Amino acid sequence: MAGACARACAKRKAITVEPGKLTVDADRCIKCGKCVDSCRKGAMTGKNGYLLTFGGTFGSVVSPGRSATPIVFDKTTLFRVVDAAIDYFERYAEPKERLASTIKRRGWDEFQETVRGAFEAGEAARDGTANSAKNRL
């Protein structure tokens with residue numbers, strides 16, 4: 001059934017289907033995978049991974065987290081990135097401070113550099129190359 005992927009993404013409207021053409025709007029796509037699961041024609045493909053976001057808050061002040069790395073596809077890299085985020089928080093957090101506040105106080109770029117470094121090291125270790133992750137960013 002043509003267009004099943006677009007119907008699976010009806011809320012975000014990230015996919016449009018025209019005769020002979022499928023378009024994904026990267027700014028609207030949240031990489032949930034519903035389009036891949038719904039596509040019977042093989043036009044949408046993907047593999048499972050982890051989309052990590054950091055700095056989100058709940059409670060009286062709600063804000064979404066931000067993605068600091070590309071999608072992580074293996075658990076070794078996942079643990080490296082999460083460990084780097086925890087180490088960053090342990091090193092720089094003030095007493096009773098949330099990660100979001102620590103990131104805001106110290107700057108997103110510094111935090112992102114820390115976790116991206118862990119991501120790149122994990123990808124390089126997985127692939128056995130020093131530059132494999134940089135080529136994907």
# chains A, B, ... in the order shown; residues from 1 in each chain; ligands from 1

call {"tool": "closest_atom_pairs", "arguments": {"of": "segment 87-111 of chain A", "to": "segment 42-53 of chain A", "cutoff": "12 Å", "atoms": "only C-alpha atoms", "output": "JSON lines"}}
result
{"residue": "A:Leu99", "atom": "CA", "partner": "A:Thr53", "partner_atom": "CA", "distance": 11.6}
{"residue": "A:Ala100", "atom": "CA", "partner": "A:Thr53", "partner_atom": "CA", "distance": 10.9}
{"residue": "A:Phe111", "atom": "CA", "partner": "A:Thr53", "partner_atom": "CA", "distance": 11.9}

call {"tool": "write_last_selection", "arguments": {"atoms": "C-alpha atoms", "output": "compact mmCIF listing (two decimals), in the first residue's frame"}}
result
# COMPACT_ATOMS: atom_id res chain seq x y z
CA LEU A 99 22.32 18.30 34.46
CA ALA A 100 20.33 20.84 32.43
CA PHE A 111 29.17 19.52 27.01

call {"tool": "select_by_dssp", "arguments": {"residues": "chain A", "states": "strand (DSSP E)", "output": "PDB file with C-alpha atoms, in the first residue's frame"}}
result
ATOM      1  CA  ILE A  15       7.219  12.313   4.833  1.00  0.00           C
ATOM      2  CA  THR A  16       5.545  13.226   1.570  1.00  0.00           C
ATOM      3  CA  VAL A  17       4.781  10.752  -1.194  1.00  0.00           C
ATOM      4  CA  GLU A  18       4.240  11.797  -4.787  1.00  0.00           C
ATOM      5  CA  LYS A  21       9.028  10.172  -5.307  1.00  0.00           C
ATOM      6  CA  LEU A  22       9.349   9.849  -1.524  1.00  0.00           C
ATOM      7  CA  THR A  23      10.683  12.838   0.436  1.00  0.00           C
ATOM      8  CA  VAL A  24      11.729  12.964   4.107  1.00  0.00           C
ATOM      9  CA  THR A  53      19.210  13.558  24.352  1.00  0.00           C
ATOM     10  CA  PHE A  54      20.630  15.479  27.297  1.00  0.00           C
ATOM     11  CA  ARG A  66      19.000  18.098  22.941  1.00  0.00           C
ATOM     12  CA  SER A  67      20.854  15.577  20.849  1.00  0.00           C
TER      13      SER A  67
END

call {"tool": "atom_distance", "arguments": {"atom1": "atom CA of Phe119 of chain A", "atom2": "atom CA of Ile103 of chain A"}}
result
18.0 Å

call {"tool": "select_by_dssp", "arguments": {"residues": "chain A", "states": "alpha helix (DSSP H)", "output": "PyMOL selection string"}}
result
chain A and resi 4-8+34-38+75-92+99-106+108-127+132-136

call {"tool": "atom_distance", "arguments": {"atom1": "atom CA of Ala26 of chain A", "atom2": "atom CA of Ala6 of chain A"}}
result
13.7 Å

call {"tool": "closest_residue", "arguments": {"among": "A:Ala124, A:Thr57, A:Ala84, A:Cys5", "to": "Gln112 of chain A", "atoms": "only C-alpha atoms"}}
result
A:Ala84

call {"tool": "residues_around", "arguments": {"residues": "segment 10-14 of chain A", "least_positions_apart": "6", "cutoff": "12 Å", "atoms": "only C-alpha atoms", "output": "PyMOL selection string"}}
result
chain A and resi 3-4+22-35

call {"tool": "closest_residue", "arguments": {"among": "A:Phe58, A:Ile86, A:Arg7, A:Lys75", "to": "Ser38 of chain A", "atoms": "only C-alpha atoms"}}
result
A:Arg7

call {"tool": "atom_distance", "arguments": {"atom1": "atom CA of Arg126 of chain A", "atom2": "atom CA of Val81 of chain A"}}
result
13.6 Å

call {"tool": "residues_around", "arguments": {"residues": "segment 89-94 of chain A", "least_positions_apart": "6", "cutoff": "9 Å", "atoms": "only C-alpha atoms", "output": "list in words"}}
result
Ser101, Thr102, Ile103 and Arg106 of chain A
